[in-house]
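K.L.:
Once you've had a glance at the structure underneath, I'll fire off some questions.
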There are 2 protein chains.
Amino acid sequence: MFKTFETYLKEKADLTVDEMVAVRAVSIEKKIRKRQYLLQEGDVCHYNCFIVKGCLRLYRVGEDGTEHILRFGVENWWMSDRESYNTGDPSKGNIDALENSEVILIDKPDFNNLTTTIPRLNNFIEKLKARSFDASQNRIMSNISRTAEERYQEFMTFFPDIFYRVPLHMIASYLGVSRETLSRIRSQFSHK
Amino acid sequence: MFKTFETYLKEKADLTVDEMVAVRAVSIEKKIRKRQYLLQEGDVCHYNCFIVKGCLRLYRVGEDGTEHILRFGVENWWMSDRESYNTGDPSKGNIDALENSEVILIDKPDFNNLTTTIPRLNNFIEKLKARSFDASQNRIMSNISRTAEERYQEFMTFFPDIFYRVPLHMIASYLGVSRETLSRIRSQFSHK
DNA sequence: CGATTCTTTGAAAACAGTCAATCTGTGTGG
DNA sequence: CCACACAGATTGACTGTTTTCAAAGAATCG
């Protein structure tokens, strides 16, 4: 299970063998079954979580009780509630598994240790954060400027791997429309 | 003009006198008049920009030619197109001044120098980026879960200082609704 | 098979966008 | 100082989109 993570780190951050050992020393392997929670609202997010296998989601519950999905994560993605992780405040969101999954957890102090002692890792993580921010900006742009149909097509083309493995009502939730609306968008679209 | 920046850095990052000198050495003071551009679509964003005085906006133009505002910035905020700045790719957005403004620009290589040589500055900037990311996530949540009216009220309470100095049609653009809709939301709201 | 989860459909109501017109305040040039 | 232009805000009428609620079909899993 650590193997996948190792391959990933080797390719992305080009870690040495020694560095890899250091990473491994603080890595916690964990299996989560479908519908199981990795983080629940109100708890503090103490871990960085790398997805080895499976599919997770981060969502928040609105005032009316509706679930709103902020992110999906699949193999080789990171998944945590960064806000709670950074601030140490209780999380506003929940992370649960949409499939039986395998993840690697690294505790915050351990992770900080790694990034300060391994510059190449730090570098890579910084880049990752930067891209993640850019993605957020683009999603905001999408939300304020595109129609639901456009956002739907955008999602399909950008994340085909996610599109084909999560239920449609969750994609609707991610896009910010009701499942009925998404269903109608799809039927309109396929009648062309 | 540098004075304001100095006060800010002193308070936020607690820089020493020597460090402040180093910052000053690479700071470019610039005045921008209302409606003038700091960055135009297609250009690469080479600078970090700190707002000493005034008000700027970052916006993108949609396929139909409509302007969509991604961010506003006022005194003591940073304003740049982070995507272009990070990647070196041409910017998808424009930054212009909504009022006569004064900014301090720091070139990317210079800025990198500063953050690598001044750990406390680096630390502060990292925190800033983290908060900025969190804000993005919260805005996305808002976009996919709240009604236009709720987003409007949210904006007023979170950014009263911006609310009272930018035209309403720009707030509409930021919120992702037409100016007419915002106008109607307001009149409904005030008839209570 | 039965239960659950997921998707689709229909009809009514609420909501938002567009276009065109009007109203307001501001500031500039004569 | 006035008249005019201009940017901003509002309103009305109309159209189009999205939500909601209720119901019914598929698909999946134990």
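Letters for chains follow the order of the structure tokens (A, B, ...), residue numbers begin at 1 for each chain, and ligand numbers begin at 1 in the order shown.
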Applying 12 Å and only C-alpha atoms (C1' of nucleotides), which residues near Met170 of chain A remain after dropping the ones on its own chain fewer than 6 positions away? List them as number ranges by chain.
P.N.:
A: 56-59, 66-72, 98, 152, 162-164, 176-180, 182-183; C: 6-7
K.L.:
Restricted to C-alpha atoms (C1' of nucleotides), what would the selected residues look like written as a tab-separated table (two decimals), in the first residue's frame?
P.N.:
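Heads up, here's the output in result-v3.tsv:
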chain	number	residue	atom	x	y	z
A	56	LEU	CA	-13.61	10.26	-1.16
A	57	ARG	CA	-15.53	13.46	-0.91
A	58	LEU	CA	-15.47	16.59	1.22
A	59	TYR	CA	-18.85	18.12	1.81
A	66	THR	CA	-28.65	19.74	2.22
A	67	GLU	CA	-25.23	18.31	1.48
A	68	HIS	CA	-22.94	20.39	-0.69
A	69	ILE	CA	-19.84	18.79	-2.12
A	70	LEU	CA	-16.71	20.92	-2.12
A	71	ARG	CA	-14.31	18.38	-3.56
A	72	PHE	CA	-13.92	14.85	-4.76
A	98	LEU	CA	-17.69	6.84	-1.72
A	152	TYR	CA	-21.76	20.16	-16.32
A	162	ILE	CA	-14.55	11.20	-11.37
A	163	PHE	CA	-17.61	11.63	-13.56
A	164	TYR	CA	-17.77	7.94	-14.34
A	176	GLY	CA	-24.66	23.66	-7.23
A	177	VAL	CA	-27.88	22.52	-8.91
A	178	SER	CA	-30.62	20.15	-7.82
A	179	ARG	CA	-30.42	16.55	-8.99
A	180	GLU	CA	-33.64	17.03	-10.98
A	182	LEU	CA	-29.04	17.98	-13.69
A	183	SER	CA	-31.17	15.13	-14.91
C	6	DC	C1'	-30.20	6.43	-7.70
C	7	DT	C1'	-32.38	8.59	-11.71
K.L.:
Over all C-alpha pairs taken in order, what is the RMSD once chain A has been least-squares superposed onto chain B?
P.N.:
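Overlaying the two chains on their C-alpha atoms yields 0.0 Å.
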K.L.:
Could you name the residues that touch Leu9 of chain B at 10 Å or less, counting only C-alpha atoms (C1' of nucleotides), but leaving out those on the same chain fewer than 5 positions away, as a VMD selection string?
P.N.:
chain B and resid 3 to 4 14 to 16 20 23 76 121 124
K.L.:
Print the selection's residues with C-alpha atoms to a file, as a PDB file, in the first residue's frame.
P.N.:
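The new file selection05.pdb reads:
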ATOM      1  CA  LYS B   3       5.609  53.868   5.414  1.00  0.00           C
ATOM      2  CA  THR B   4       2.206  52.150   5.297  1.00  0.00           C
ATOM      3  CA  ASP B  14       7.475  41.527  12.845  1.00  0.00           C
ATOM      4  CA  LEU B  15      10.410  42.241  10.539  1.00  0.00           C
ATOM      5  CA  THR B  16      13.672  43.650  11.856  1.00  0.00           C
ATOM      6  CA  MET B  20      12.785  46.028   6.244  1.00  0.00           C
ATOM      7  CA  VAL B  23      12.230  44.744   1.421  1.00  0.00           C
ATOM      8  CA  ASN B  76      -3.483  46.468   3.118  1.00  0.00           C
ATOM      9  CA  LEU B 121       8.141  36.866   6.170  1.00  0.00           C
ATOM     10  CA  PHE B 124       3.451  35.158   7.217  1.00  0.00           C
TER      11      PHE B 124
END
K.L.:
Extract, using only C-alpha atoms (C1' of nucleotides), all DNA, RNA and protein residues at most 12 Å from DT10 of chain D, discarding same-chain residues fewer than 3 positions from it, and format them as a ChimeraX atom specification.
P.N.:
/B:168-169,179-187 /C:21-24
K.L.:
For chain A, list the residues within 6 Å of chain B, counting only C-alpha atoms, and write the list as an mmCIF file with C-alpha atoms, in the first residue's frame.
P.N.:
data_model
loop_
_atom_site.group_PDB
_atom_site.id
_atom_site.type_symbol
_atom_site.label_atom_id
_atom_site.label_comp_id
_atom_site.auth_asym_id
_atom_site.auth_seq_id
_atom_site.Cartn_x
_atom_site.Cartn_y
_atom_site.Cartn_z
ATOM 1 C CA GLU A 83 -9.219 25.159 6.737
ATOM 2 C CA PHE A 133 -5.765 27.628 -5.276
ATOM 3 C CA ASP A 134 -5.829 28.278 -9.004
ATOM 4 C CA ILE A 144 -20.406 33.089 -11.355
ATOM 5 C CA GLY A 176 -24.660 23.659 -7.225
#
K.L.:
Distance cut-off 12 Å, counting only C-alpha atoms (C1' of nucleotides) - which residues of chain D neighbour chain A? Return them as a compact mmCIF listing (two decimals) with N, CA and C atoms (P, O5', C5', C4', C3', O3' and C1' of nucleotides), in the first residue's frame.
P.N.:
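Okay, result20.txt is ready:
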# COMPACT_ATOMS: atom_id res chain seq x y z
P DT D 17 -33.60 28.58 -21.32
O5' DT D 17 -33.17 28.39 -19.80
C5' DT D 17 -32.63 29.52 -19.09
C4' DT D 17 -32.73 29.26 -17.61
C3' DT D 17 -32.43 27.83 -17.19
O3' DT D 17 -31.43 27.93 -16.21
C1' DT D 17 -34.42 28.61 -16.16
P DT D 18 -30.73 26.68 -15.54
O5' DT D 18 -31.55 26.55 -14.18
C5' DT D 18 -31.42 27.56 -13.19
C4' DT D 18 -32.26 27.19 -12.00
C3' DT D 18 -32.07 25.76 -11.52
O3' DT D 18 -31.57 25.82 -10.20
C1' DT D 18 -34.38 26.32 -11.71
P DT D 19 -31.57 24.61 -9.21
O5' DT D 19 -32.99 24.74 -8.49
C5' DT D 19 -33.30 25.95 -7.79
C4' DT D 19 -34.61 25.81 -7.04
C3' DT D 19 -34.70 24.58 -6.15
O3' DT D 19 -35.16 24.99 -4.87
C1' DT D 19 -36.55 24.65 -7.63
P DT D 20 -35.20 24.01 -3.65
O5' DT D 20 -36.71 23.51 -3.59
C5' DT D 20 -37.77 24.44 -3.68
C4' DT D 20 -39.09 23.70 -3.84
C3' DT D 20 -39.19 22.40 -3.03
O3' DT D 20 -40.34 22.48 -2.22
C1' DT D 20 -39.86 22.07 -5.29
P DC D 21 -40.54 21.58 -0.93
O5' DC D 21 -41.67 20.55 -1.45
C5' DC D 21 -42.81 21.07 -2.15
C4' DC D 21 -43.53 19.94 -2.85
C3' DC D 21 -43.48 18.60 -2.13
O3' DC D 21 -44.79 18.07 -2.09
C1' DC D 21 -42.85 18.34 -4.39
P DA D 27 -31.56 -0.01 -16.00
O5' DA D 27 -30.74 -0.08 -14.64
C5' DA D 27 -30.11 1.11 -14.17
C4' DA D 27 -29.49 0.83 -12.83
C3' DA D 27 -28.71 -0.49 -12.76
O3' DA D 27 -27.41 -0.17 -12.30
C1' DA D 27 -30.23 -0.30 -10.93
K.L.:
Quick one: which residues from chain C are at most 12 Å off chain B, using only C-alpha atoms (C1' of nucleotides), as JSON, numbers by chain?
P.N.:
{"C": [15, 16, 17, 18, 19]}
K.L.:
In chain A, what's alpha helix (DSSP H) per DSSP? Answer as a PyMOL selection string?
P.N.:
chain A and resi 2-13+17-26+82-87+108-117+119-145+148-158+160-163+168-175+179-190
K.L.:
Limited to C-alpha atoms, could you put the picked residues into a file as an mmCIF file, in the first residue's frame?
P.N.:
data_model
loop_
_atom_site.group_PDB
_atom_site.id
_atom_site.type_symbol
_atom_site.label_atom_id
_atom_site.label_comp_id
_atom_site.auth_asym_id
_atom_site.auth_seq_id
_atom_site.Cartn_x
_atom_site.Cartn_y
_atom_site.Cartn_z
ATOM 1 C CA PHE A 2 2.862 2.361 0.756
ATOM 2 C CA LYS A 3 4.308 1.387 -2.608
ATOM 3 C CA THR A 4 1.863 3.562 -4.544
ATOM 4 C CA PHE A 5 2.654 6.532 -2.358
ATOM 5 C CA GLU A 6 6.344 5.906 -2.884
ATOM 6 C CA THR A 7 5.988 5.821 -6.641
ATOM 7 C CA TYR A 8 4.015 9.028 -6.505
ATOM 8 C CA LEU A 9 6.584 10.812 -4.356
ATOM 9 C CA LYS A 10 9.435 9.545 -6.452
ATOM 10 C CA GLU A 11 7.861 10.819 -9.635
ATOM 11 C CA LYS A 12 6.547 14.118 -8.346
ATOM 12 C CA ALA A 13 9.149 15.199 -5.825
ATOM 13 C CA VAL A 17 15.835 6.639 -0.600
ATOM 14 C CA ASP A 18 16.675 8.125 2.777
ATOM 15 C CA GLU A 19 13.980 10.732 2.476
ATOM 16 C CA MET A 20 11.510 8.075 1.511
ATOM 17 C CA VAL A 21 12.352 6.165 4.659
ATOM 18 C CA ALA A 22 11.644 9.293 6.681
ATOM 19 C CA VAL A 23 8.280 9.670 5.015
ATOM 20 C CA ARG A 24 7.417 6.061 5.556
ATOM 21 C CA ALA A 25 8.285 6.325 9.246
ATOM 22 C CA VAL A 26 5.437 8.745 9.857
ATOM 23 C CA ARG A 82 -7.416 22.467 4.797
ATOM 24 C CA GLU A 83 -9.219 25.159 6.737
ATOM 25 C CA SER A 84 -9.473 23.069 9.891
ATOM 26 C CA TYR A 85 -6.003 21.644 9.314
ATOM 27 C CA ASN A 86 -4.453 25.099 9.069
ATOM 28 C CA THR A 87 -6.348 26.893 11.765
ATOM 29 C CA LYS A 108 0.445 17.611 11.014
ATOM 30 C CA PRO A 109 3.610 17.927 13.167
ATOM 31 C CA ASP A 110 5.159 15.006 11.308
ATOM 32 C CA PHE A 111 4.250 16.517 7.999
ATOM 33 C CA ASN A 112 5.742 19.859 8.960
ATOM 34 C CA ASN A 113 8.905 18.054 9.938
ATOM 35 C CA LEU A 114 9.083 16.393 6.570
ATOM 36 C CA THR A 115 8.588 19.579 4.594
ATOM 37 C CA THR A 116 11.180 21.493 6.601
ATOM 38 C CA THR A 117 13.797 18.768 6.327
ATOM 39 C CA PRO A 119 13.207 20.925 0.534
ATOM 40 C CA ARG A 120 12.169 19.083 -2.615
ATOM 41 C CA LEU A 121 9.095 17.792 -0.873
ATOM 42 C CA ASN A 122 8.297 21.232 0.440
ATOM 43 C CA ASN A 123 8.685 22.601 -3.031
ATOM 44 C CA PHE A 124 6.356 20.099 -4.506
ATOM 45 C CA ILE A 125 3.733 20.631 -1.820
ATOM 46 C CA GLU A 126 3.894 24.372 -2.369
ATOM 47 C CA LYS A 127 3.271 23.872 -6.059
ATOM 48 C CA LEU A 128 0.383 21.602 -5.256
ATOM 49 C CA LYS A 129 -1.171 24.213 -3.005
ATOM 50 C CA ALA A 130 -0.711 26.845 -5.653
ATOM 51 C CA ARG A 131 -2.451 24.723 -8.273
ATOM 52 C CA SER A 132 -5.175 23.938 -5.831
ATOM 53 C CA PHE A 133 -5.765 27.628 -5.276
ATOM 54 C CA ASP A 134 -5.829 28.278 -9.004
ATOM 55 C CA ALA A 135 -8.391 25.525 -9.401
ATOM 56 C CA SER A 136 -10.543 27.181 -6.760
ATOM 57 C CA GLN A 137 -10.373 30.482 -8.564
ATOM 58 C CA ASN A 138 -11.362 28.849 -11.799
ATOM 59 C CA ARG A 139 -14.254 27.114 -10.141
ATOM 60 C CA ILE A 140 -15.449 30.412 -8.711
ATOM 61 C CA MET A 141 -15.222 31.939 -12.159
ATOM 62 C CA SER A 142 -17.209 29.030 -13.473
ATOM 63 C CA ASN A 143 -19.831 29.405 -10.775
ATOM 64 C CA ILE A 144 -20.406 33.089 -11.355
ATOM 65 C CA SER A 145 -20.156 33.113 -15.131
ATOM 66 C CA ALA A 148 -25.466 24.900 -15.200
ATOM 67 C CA GLU A 149 -25.180 23.085 -18.519
ATOM 68 C CA GLU A 150 -21.796 24.593 -19.256
ATOM 69 C CA ARG A 151 -20.548 23.690 -15.795
ATOM 70 C CA TYR A 152 -21.760 20.161 -16.315
ATOM 71 C CA GLN A 153 -19.886 19.748 -19.592
ATOM 72 C CA GLU A 154 -16.826 21.358 -18.086
ATOM 73 C CA PHE A 155 -16.921 18.852 -15.259
ATOM 74 C CA MET A 156 -17.185 15.923 -17.649
ATOM 75 C CA THR A 157 -14.249 17.035 -19.729
ATOM 76 C CA PHE A 158 -12.036 18.045 -16.798
ATOM 77 C CA PRO A 160 -13.956 12.183 -16.659
ATOM 78 C CA ASP A 161 -12.413 9.776 -14.151
ATOM 79 C CA ILE A 162 -14.549 11.198 -11.369
ATOM 80 C CA PHE A 163 -17.605 11.630 -13.556
ATOM 81 C CA LEU A 168 -25.016 11.951 -10.626
ATOM 82 C CA HIS A 169 -26.766 13.544 -7.693
ATOM 83 C CA MET A 170 -23.365 14.145 -6.161
ATOM 84 C CA ILE A 171 -22.177 15.838 -9.292
ATOM 85 C CA ALA A 172 -25.283 17.977 -9.108
ATOM 86 C CA SER A 173 -24.370 18.825 -5.535
ATOM 87 C CA TYR A 174 -20.837 19.724 -6.605
ATOM 88 C CA LEU A 175 -22.125 21.916 -9.414
ATOM 89 C CA ARG A 179 -30.425 16.546 -8.990
ATOM 90 C CA GLU A 180 -33.636 17.029 -10.980
ATOM 91 C CA THR A 181 -32.163 19.943 -12.867
ATOM 92 C CA LEU A 182 -29.044 17.982 -13.686
ATOM 93 C CA SER A 183 -31.170 15.126 -14.910
ATOM 94 C CA ARG A 184 -33.083 17.453 -17.231
ATOM 95 C CA ILE A 185 -29.908 19.071 -18.488
ATOM 96 C CA ARG A 186 -28.641 15.627 -19.394
ATOM 97 C CA SER A 187 -31.779 14.570 -21.242
ATOM 98 C CA GLN A 188 -31.922 17.821 -23.199
ATOM 99 C CA PHE A 189 -28.304 17.373 -24.047
ATOM 100 C CA SER A 190 -28.622 13.787 -25.248
#
K.L.:
Pull the strand (DSSP E) assignments for segment 67-148 of chain A out of DSSP run on the backbone, and list those residues as a PyMOL selection string.
P.N.:
chain A and resi 67-73+93-97+101-107
K.L.:
Find, counting only C-alpha atoms, the residue in A:Glu75, A:Glu41, A:Asp107, A:Glu29 that gets nearest to Ile95 of chain A.
P.N.:
A:Glu41
K.L.:
When you look at Asp43 of chain A with a cut-off of 8 Å (counting only C-alpha atoms (C1' of nucleotides)), what residues show up, excluding the ones that are within fewer than 2 positions of it in the same chain? I need them as a list in words.
P.N.:
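In the requested form, the answer reads Leu39, Gln40, Glu41, Cys45, Pro90 and Ser91 of chain A.
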K.L.:
So that I have them on file, write out the residues from the current selection with C-alpha atoms, as a compact mmCIF listing (two decimals), in the first residue's frame.
P.N.:
# COMPACT_ATOMS: atom_id res chain seq x y z
CA LEU A 39 -13.50 13.41 9.29
CA GLN A 40 -16.72 14.64 10.79
CA GLU A 41 -18.03 18.14 11.22
CA CYS A 45 -8.50 17.82 10.89
CA PRO A 90 -13.27 22.43 14.32
CA SER A 91 -14.08 21.46 10.77
K.L.:
Please, what distance in Å, to one decimal, runs between atom C1' of DT28 of chain C and atom CA of Ala97 of chain B?
P.N.:
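If I compute the distance from atom C1' of DT28 of chain C to atom CA of Ala97 of chain B, I get 21.1 Å.
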K.L.:
Interatomic distance between atom CA of Glu99 of chain A and atom CA of Gly54 of chain A?
P.N.:
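These two atoms are separated by 5.6 Å.
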K.L.:
Do you have the atom CA of Tyr37 of chain A-atom CA of Cys55 of chain A distance handy?
P.N.:
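Atom CA of Tyr37 of chain A sits 12.1 Å away from atom CA of Cys55 of chain A.
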